[in-house]
$ cat query_2.cif   # mmCIF, C-alpha atoms
data_model
#
loop_
_atom_site.label_atom_id
_atom_site.label_comp_id
_atom_site.auth_asym_id
_atom_site.auth_seq_id
_atom_site.Cartn_x
_atom_site.Cartn_y
_atom_site.Cartn_z
CA MET A 1 83.10 120.50 30.21
CA LYS A 2 79.92 119.63 32.07
CA THR A 3 76.85 121.92 32.10
CA ILE A 4 74.45 121.75 35.05
CA HIS A 5 71.10 123.56 34.86
CA LEU A 6 69.71 124.34 38.31
CA ILE A 7 65.96 124.96 38.15
CA ARG A 8 63.78 126.24 40.95
CA HIS A 9 60.31 124.67 40.76
CA GLY A 10 57.36 126.67 39.43
CA GLU A 11 55.17 128.91 41.52
CA THR A 12 52.65 127.61 44.05
CA GLN A 13 49.77 129.39 45.76
CA ALA A 14 51.76 129.20 48.98
CA ASN A 15 54.41 131.41 47.37
CA ARG A 16 51.71 133.97 46.59
CA ASP A 17 50.24 133.73 50.09
CA GLY A 18 53.55 134.18 51.92
CA VAL A 19 53.39 130.69 53.44
CA PHE A 20 56.50 128.64 54.24
CA ARG A 21 56.38 125.35 52.33
CA GLY A 22 59.18 123.20 53.73
CA ARG A 23 58.50 119.56 52.97
CA GLY A 24 54.74 120.02 52.84
CA GLU A 25 53.21 118.82 49.59
CA VAL A 26 52.08 121.87 47.62
CA PRO A 27 51.13 121.51 43.94
CA LEU A 28 51.97 124.01 41.25
CA SER A 29 49.45 126.81 40.85
CA PRO A 30 48.04 127.63 37.40
CA ALA A 31 50.78 130.29 37.14
CA GLY A 32 53.39 127.67 38.13
CA ALA A 33 52.07 125.24 35.53
CA GLN A 34 52.44 127.98 32.91
CA GLN A 35 56.00 128.61 34.07
CA ALA A 36 56.76 124.91 33.68
CA GLN A 37 55.48 125.06 30.10
CA GLU A 38 57.72 128.05 29.45
CA LEU A 39 60.66 126.12 30.89
CA ARG A 40 59.80 123.33 28.46
CA VAL A 41 60.12 125.76 25.55
CA ARG A 42 63.40 127.09 26.93
CA PHE A 43 64.93 123.60 27.06
CA ALA A 44 63.49 122.36 23.77
CA GLY A 45 66.33 121.27 21.52
CA LEU A 46 68.88 121.02 24.34
CA ASP A 47 70.24 117.53 24.84
CA VAL A 48 69.71 117.18 28.59
CA GLN A 49 70.99 113.70 29.35
CA ARG A 50 70.00 113.38 33.00
CA VAL A 51 67.16 114.94 35.00
CA ILE A 52 67.36 114.92 38.80
CA SER A 53 64.54 116.25 40.98
CA SER A 54 63.49 116.71 44.56
CA PRO A 55 60.81 114.11 45.35
CA LEU A 56 58.28 116.80 46.38
CA GLN A 57 55.27 117.25 44.12
CA ARG A 58 55.96 120.82 42.96
CA ALA A 59 59.46 119.91 41.81
CA ALA A 60 58.37 116.61 40.25
CA GLN A 61 55.57 118.38 38.34
CA THR A 62 57.99 121.00 37.06
CA ALA A 63 60.45 118.33 35.90
CA ALA A 64 57.73 116.26 34.18
CA VAL A 65 56.41 119.22 32.19
CA CYS A 66 59.83 120.67 31.41
CA PHE A 67 61.34 117.38 30.21
CA PRO A 68 58.48 115.32 28.73
CA GLY A 69 59.32 111.70 28.05
CA ARG A 70 62.56 111.94 30.00
CA ALA A 71 63.01 109.68 33.04
CA THR A 72 63.37 111.69 36.24
CA GLU A 73 65.67 110.56 39.04
CA PHE A 74 64.25 111.54 42.43
CA GLN A 75 67.03 112.41 44.84
CA ASP A 76 66.51 113.07 48.56
CA LEU A 77 69.78 115.03 48.73
CA VAL A 78 67.93 117.86 46.94
CA ASN A 79 64.69 117.50 48.91
CA ASN A 80 63.59 120.78 50.45
CA LEU A 81 64.73 122.14 53.78
CA ASP A 82 62.71 120.57 56.61
CA LEU A 83 61.13 123.59 58.33
CA GLY A 84 59.57 121.61 61.17
CA ARG A 85 56.77 123.57 62.82
CA TRP A 86 57.29 126.55 60.52
CA ALA A 87 56.04 124.59 57.51
CA GLY A 88 52.57 125.59 56.38
CA ARG A 89 52.58 128.82 58.41
CA LYS A 90 52.38 132.36 57.13
CA LYS A 91 55.59 134.34 57.40
CA LYS A 92 53.76 137.29 58.97
CA GLU A 93 52.45 135.06 61.75
CA ILE A 94 55.89 133.64 62.51
CA ALA A 95 57.39 137.14 62.58
CA ALA A 96 54.76 138.21 65.14
CA GLU A 97 54.74 135.07 67.29
CA GLU A 98 58.45 134.14 67.25
CA PRO A 99 60.28 137.47 66.78
CA GLU A 100 63.68 136.24 68.00
CA LEU A 101 63.80 133.31 65.60
CA TRP A 102 62.41 135.47 62.80
CA ARG A 103 65.16 138.02 63.37
CA ARG A 104 67.74 135.24 63.16
CA TRP A 105 66.16 134.07 59.89
CA LEU A 106 66.62 137.56 58.45
CA ASP A 107 70.01 138.40 60.00
CA GLU A 108 71.94 135.12 60.23
CA PRO A 109 70.00 132.24 58.64
CA GLU A 110 73.17 130.17 58.39
CA ARG A 111 72.86 129.67 62.17
CA MET A 112 69.20 128.69 61.99
CA SER A 113 67.96 125.36 63.25
CA PHE A 114 64.25 125.28 62.53
CA PRO A 115 62.06 124.14 65.45
CA GLY A 116 61.36 120.46 64.95
CA GLY A 117 63.13 120.56 61.60
CA GLU A 118 66.53 120.88 59.98
CA SER A 119 69.39 123.35 60.14
CA LEU A 120 70.76 125.13 57.10
CA ALA A 121 74.14 123.68 58.00
CA ALA A 122 72.64 120.21 57.50
CA VAL A 123 71.23 121.26 54.13
CA LYS A 124 74.66 122.55 53.10
CA ALA A 125 76.18 119.20 54.08
CA ARG A 126 73.62 117.42 51.90
CA THR A 127 74.46 119.61 48.94
CA ARG A 128 78.16 118.97 49.45
CA ALA A 129 77.46 115.27 48.92
CA PHE A 130 75.23 116.07 45.94
CA ASN A 131 77.89 118.24 44.32
CA ASP A 132 80.29 115.32 44.60
CA LEU A 133 77.70 113.24 42.74
CA LEU A 134 77.46 115.91 40.02
CA ALA A 135 81.23 116.19 39.68
CA ALA A 136 81.53 112.41 39.23
CA ALA A 137 78.60 112.07 36.81
CA GLY A 138 79.40 110.92 33.31
CA GLU A 139 76.74 113.00 31.58
CA GLU A 140 77.73 116.30 29.97
CA ARG A 141 74.38 118.10 30.43
CA ILE A 142 72.36 117.64 33.62
CA ALA A 143 69.20 119.36 34.92
CA VAL A 144 68.40 119.58 38.63
CA VAL A 145 64.92 120.69 39.79
CA SER A 146 64.83 121.68 43.43
CA HIS A 147 63.96 124.42 45.95
CA ARG A 148 65.26 127.86 46.82
CA SER A 149 67.09 127.01 50.05
CA VAL A 150 68.64 123.86 48.63
CA LEU A 151 69.84 125.55 45.44
CA LYS A 152 71.34 128.40 47.47
CA ALA A 153 73.23 125.90 49.63
CA LEU A 154 74.37 124.00 46.54
CA LEU A 155 75.73 127.21 45.01
CA ALA A 156 77.45 128.23 48.23
CA GLU A 157 79.17 124.85 48.40
CA ALA A 158 80.07 124.82 44.71
CA LEU A 159 81.63 128.29 44.91
CA GLY A 160 83.34 127.81 48.26
CA LEU A 161 81.51 130.60 50.07
CA GLY A 162 82.10 131.10 53.79
CA GLU A 163 79.74 131.76 56.65
CA LYS A 164 77.48 134.39 55.10
CA TRP A 165 75.91 132.88 52.01
CA PHE A 166 72.14 132.43 52.23
CA TRP A 167 71.03 135.94 51.27
CA ARG A 168 73.85 136.35 48.73
CA PHE A 169 71.72 134.73 46.01
CA HIS A 170 68.20 135.49 44.82
CA LEU A 171 66.39 132.70 42.97
CA ASP A 172 62.88 133.19 41.56
CA ASN A 173 60.38 130.43 40.89
CA ALA A 174 61.09 128.66 37.59
CA SER A 175 64.43 130.44 37.24
CA VAL A 176 67.45 128.74 35.68
CA THR A 177 70.97 128.98 37.09
CA VAL A 178 73.87 127.40 35.19
CA LEU A 179 77.02 125.86 36.62
CA LEU A 180 79.90 124.62 34.50
CA HIS A 181 82.30 121.97 35.77
CA ASP A 182 85.60 120.51 34.71
CA PRO A 183 88.20 118.60 36.74
CA VAL A 184 90.69 121.49 36.74
CA ARG A 185 88.54 124.51 37.56
CA GLY A 186 85.82 122.70 39.46
CA PHE A 187 82.46 124.50 39.51
CA VAL A 188 82.08 127.83 37.74
CA LEU A 189 78.94 130.00 37.90
CA ALA A 190 77.94 130.86 34.32
CA LYS A 191 74.40 132.22 34.79
CA LEU A 192 72.34 133.17 37.85
CA ASN A 193 68.54 133.38 38.25
CA ASP A 194 67.71 133.58 34.54
CA THR A 195 63.99 134.36 34.11
CA SER A 196 64.11 135.59 30.51
CA HIS A 197 61.95 132.63 29.41
CA LEU A 198 59.07 133.58 31.75
CA SER A 199 56.12 135.76 30.78
CA ALA A 200 55.40 136.52 34.45
CA TYR A 201 56.71 135.71 37.92
CA MET A 202 56.48 137.05 41.47
CA PHE A 203 59.38 138.43 43.47
CA GLU A 204 59.64 136.57 46.79
CA TRP A 205 62.02 138.45 49.07
CA ASP A 206 62.13 136.53 52.39
#

$ encode --input "query_2.cif" --output "structure tokens"
Amino acid sequence: MKTIHLIRHGETQANRDGVFRGRGEVPLSPAGAQQAQELRVRFAGLDVQRVISSPLQRAAQTAAVCFPGRATEFQDLVNNLDLGRWAGRKKKEIAAEEPELWRRWLDEPERMSFPGGESLAAVKARTRAFNDLLAAAGEERIAVVSHRSVLKALLAEALGLGEKWFWRFHLDNASVTVLLHDPVRGFVLAKLNDTSHLSAYMFEWD
């Protein structure tokens, strides 16, 4: 049986400030760096054989601290959602300036296509291909460091969820979600949004 640890990257100042990150390069904040250290303690002693990360800085930093000395494979299939012109903007500003799109984000994000960016349907298609990669992998324990939207899509694909899936999961910064996989049962959710290793974290709702 294969064990896959899905890790959301540590906190950034943009998380605190209510700013959409998208594919903008945002480093870990001091709080995020501390979370990465706490992830390192959590995984100490576990034989993680393969580490896969989004190429963005905040994910790469989290992976490097969490798995010191371990080679990290950067994989564009788990790169963050491309938010187009929403990236780098405060959520409050978008809600005020683009109320129709903001309402869609809250009510039916699965139908969202971000202005100048990517649709969540496209992200889900990427994660479908990535899940195939995970299922075929020879390693028994794999860690994946990525972003909230991507991990939600990956879970929705792995569990065969239908149209309404985005707001069905909540994933905090530096949380760990665990999937199990075998050829008969496929993917099985064993643990969701585990933050027991963290001394502090913020709750990011939208």

$ residues_around --input "query_2.cif" --residues "Ser54 (chain A)" --least-positions-apart "3" --cutoff "10 Å" --atoms "all atoms listed in the file" --output "list in words"
His9, Gln57, Arg58, Ala59, Ala60, Ala63, Thr72, Glu73, Phe74, Gln75, Asp76, Leu77, Val78, Asn79, Asn80, Val144, Val145, Ser146, His147 and Val150 of chain A

$ resolve_selection --input "query_2.cif" --expression "the PyMOL selection byres ((chain A and resi 23-39) around 6)" --output "short mmCIF file (atom, residue, chain, number, x, y, z; two decimals) with C-alpha atoms, keeping the file's coordinate frame"
data_model
loop_
_atom_site.label_atom_id
_atom_site.label_comp_id
_atom_site.auth_asym_id
_atom_site.auth_seq_id
_atom_site.Cartn_x
_atom_site.Cartn_y
_atom_site.Cartn_z
CA GLY A 10 57.36 126.67 39.43
CA GLU A 11 55.17 128.91 41.52
CA THR A 12 52.65 127.61 44.05
CA GLN A 13 49.77 129.39 45.76
CA ARG A 21 56.38 125.35 52.33
CA GLY A 22 59.18 123.20 53.73
CA ARG A 40 59.80 123.33 28.46
CA VAL A 41 60.12 125.76 25.55
CA ARG A 42 63.40 127.09 26.93
CA GLN A 57 55.27 117.25 44.12
CA ARG A 58 55.96 120.82 42.96
CA THR A 62 57.99 121.00 37.06
CA VAL A 65 56.41 119.22 32.19
CA CYS A 66 59.83 120.67 31.41
CA ASN A 80 63.59 120.78 50.45
CA ASP A 82 62.71 120.57 56.61
#

$ atom_distance --input "query_2.cif" --atom1 "CA of Thr127 (chain A)" --atom2 "CA of Asp107 (chain A)"
22.3 Å

$ resolve_selection --input "query_2.cif" --expression "the PyMOL selection byres ((chain A and resi 157-162) around 9)" --output "JSON, numbers by chain"
{"A": [124, 125, 127, 128, 131, 152, 153, 154, 155, 156, 163, 164, 165, 179, 186, 187, 188, 189]}

$ atom_distance --input "query_2.cif" --atom1 "CA of Asp206 (chain A)" --atom2 "CA of Ile94 (chain A)"
12.2 Å

$ atom_distance --input "query_2.cif" --atom1 "CA of Phe20 (chain A)" --atom2 "CA of Glu204 (chain A)"
11.3 Å

$ decode --input "query_2.cif" --residues "region 124-147 of chain A" --atoms "N, CA and C atoms" --output "PDB file, in the first residue's frame"
ATOM      1  N   LYS A 124      -8.108  20.852 -12.414  1.00  0.00           N
ATOM      2  CA  LYS A 124      -8.558  19.492 -12.111  1.00  0.00           C
ATOM      3  C   LYS A 124      -8.010  18.503 -13.153  1.00  0.00           C
ATOM      4  N   ALA A 125      -7.960  18.928 -14.406  1.00  0.00           N
ATOM      5  CA  ALA A 125      -7.397  18.064 -15.449  1.00  0.00           C
ATOM      6  C   ALA A 125      -5.912  17.809 -15.201  1.00  0.00           C
ATOM      7  N   ARG A 126      -5.195  18.832 -14.749  1.00  0.00           N
ATOM      8  CA  ARG A 126      -3.781  18.659 -14.419  1.00  0.00           C
ATOM      9  C   ARG A 126      -3.603  17.644 -13.295  1.00  0.00           C
ATOM     10  N   THR A 127      -4.448  17.762 -12.278  1.00  0.00           N
ATOM     11  CA  THR A 127      -4.303  16.849 -11.145  1.00  0.00           C
ATOM     12  C   THR A 127      -4.710  15.427 -11.507  1.00  0.00           C
ATOM     13  N   ARG A 128      -5.601  15.287 -12.479  1.00  0.00           N
ATOM     14  CA  ARG A 128      -5.932  13.936 -12.954  1.00  0.00           C
ATOM     15  C   ARG A 128      -4.673  13.263 -13.515  1.00  0.00           C
ATOM     16  N   ALA A 129      -3.924  14.008 -14.305  1.00  0.00           N
ATOM     17  CA  ALA A 129      -2.673  13.471 -14.859  1.00  0.00           C
ATOM     18  C   ALA A 129      -1.660  13.208 -13.748  1.00  0.00           C
ATOM     19  N   PHE A 130      -1.624  14.086 -12.746  1.00  0.00           N
ATOM     20  CA  PHE A 130      -0.683  13.897 -11.648  1.00  0.00           C
ATOM     21  C   PHE A 130      -1.050  12.677 -10.804  1.00  0.00           C
ATOM     22  N   ASN A 131      -2.327  12.481 -10.567  1.00  0.00           N
ATOM     23  CA  ASN A 131      -2.754  11.298  -9.816  1.00  0.00           C
ATOM     24  C   ASN A 131      -2.378  10.006 -10.530  1.00  0.00           C
ATOM     25  N   ASP A 132      -2.437  10.035 -11.858  1.00  0.00           N
ATOM     26  CA  ASP A 132      -1.987   8.866 -12.624  1.00  0.00           C
ATOM     27  C   ASP A 132      -0.500   8.607 -12.375  1.00  0.00           C
ATOM     28  N   LEU A 133       0.262   9.702 -12.297  1.00  0.00           N
ATOM     29  CA  LEU A 133       1.697   9.587 -12.008  1.00  0.00           C
ATOM     30  C   LEU A 133       1.913   8.976 -10.627  1.00  0.00           C
ATOM     31  N   LEU A 134       1.127   9.438  -9.632  1.00  0.00           N
ATOM     32  CA  LEU A 134       1.251   8.897  -8.277  1.00  0.00           C
ATOM     33  C   LEU A 134       0.889   7.412  -8.238  1.00  0.00           C
ATOM     34  N   ALA A 135      -0.197   7.068  -8.912  1.00  0.00           N
ATOM     35  CA  ALA A 135      -0.647   5.670  -8.903  1.00  0.00           C
ATOM     36  C   ALA A 135       0.401   4.745  -9.518  1.00  0.00           C
ATOM     37  N   ALA A 136       1.128   5.235 -10.509  1.00  0.00           N
ATOM     38  CA  ALA A 136       2.122   4.405 -11.202  1.00  0.00           C
ATOM     39  C   ALA A 136       3.489   4.416 -10.528  1.00  0.00           C
ATOM     40  N   ALA A 137       3.695   5.317  -9.572  1.00  0.00           N
ATOM     41  CA  ALA A 137       5.011   5.468  -8.943  1.00  0.00           C
ATOM     42  C   ALA A 137       5.404   4.200  -8.184  1.00  0.00           C
ATOM     43  N   GLY A 138       6.689   3.903  -8.190  1.00  0.00           N
ATOM     44  CA  GLY A 138       7.164   2.717  -7.513  1.00  0.00           C
ATOM     45  C   GLY A 138       7.425   2.905  -6.029  1.00  0.00           C
ATOM     46  N   GLU A 139       7.549   4.161  -5.596  1.00  0.00           N
ATOM     47  CA  GLU A 139       7.849   4.425  -4.189  1.00  0.00           C
ATOM     48  C   GLU A 139       6.615   4.170  -3.305  1.00  0.00           C
ATOM     49  N   GLU A 140       6.865   3.761  -2.078  1.00  0.00           N
ATOM     50  CA  GLU A 140       5.783   3.438  -1.147  1.00  0.00           C
ATOM     51  C   GLU A 140       5.377   4.626  -0.270  1.00  0.00           C
ATOM     52  N   ARG A 141       6.253   5.630  -0.149  1.00  0.00           N
ATOM     53  CA  ARG A 141       5.923   6.811   0.664  1.00  0.00           C
ATOM     54  C   ARG A 141       6.378   8.058  -0.090  1.00  0.00           C
ATOM     55  N   ILE A 142       5.420   8.891  -0.451  1.00  0.00           N
ATOM     56  CA  ILE A 142       5.680  10.062  -1.290  1.00  0.00           C
ATOM     57  C   ILE A 142       5.135  11.306  -0.584  1.00  0.00           C
ATOM     58  N   ALA A 143       5.860  12.415  -0.671  1.00  0.00           N
ATOM     59  CA  ALA A 143       5.384  13.702  -0.163  1.00  0.00           C
ATOM     60  C   ALA A 143       5.206  14.662  -1.330  1.00  0.00           C
ATOM     61  N   VAL A 144       4.095  15.399  -1.308  1.00  0.00           N
ATOM     62  CA  VAL A 144       3.790  16.378  -2.354  1.00  0.00           C
ATOM     63  C   VAL A 144       3.533  17.720  -1.672  1.00  0.00           C
ATOM     64  N   VAL A 145       4.310  18.736  -2.030  1.00  0.00           N
ATOM     65  CA  VAL A 145       4.151  20.074  -1.454  1.00  0.00           C
ATOM     66  C   VAL A 145       3.554  20.977  -2.525  1.00  0.00           C
ATOM     67  N   SER A 146       2.376  21.505  -2.253  1.00  0.00           N
ATOM     68  CA  SER A 146       1.690  22.283  -3.280  1.00  0.00           C
ATOM     69  C   SER A 146       0.818  23.365  -2.628  1.00  0.00           C
ATOM     70  N   HIS A 147      -0.254  23.730  -3.300  1.00  0.00           N
ATOM     71  CA  HIS A 147      -1.075  24.894  -2.954  1.00  0.00           C
ATOM     72  C   HIS A 147      -2.523  24.463  -2.712  1.00  0.00           C
TER      73      HIS A 147
END
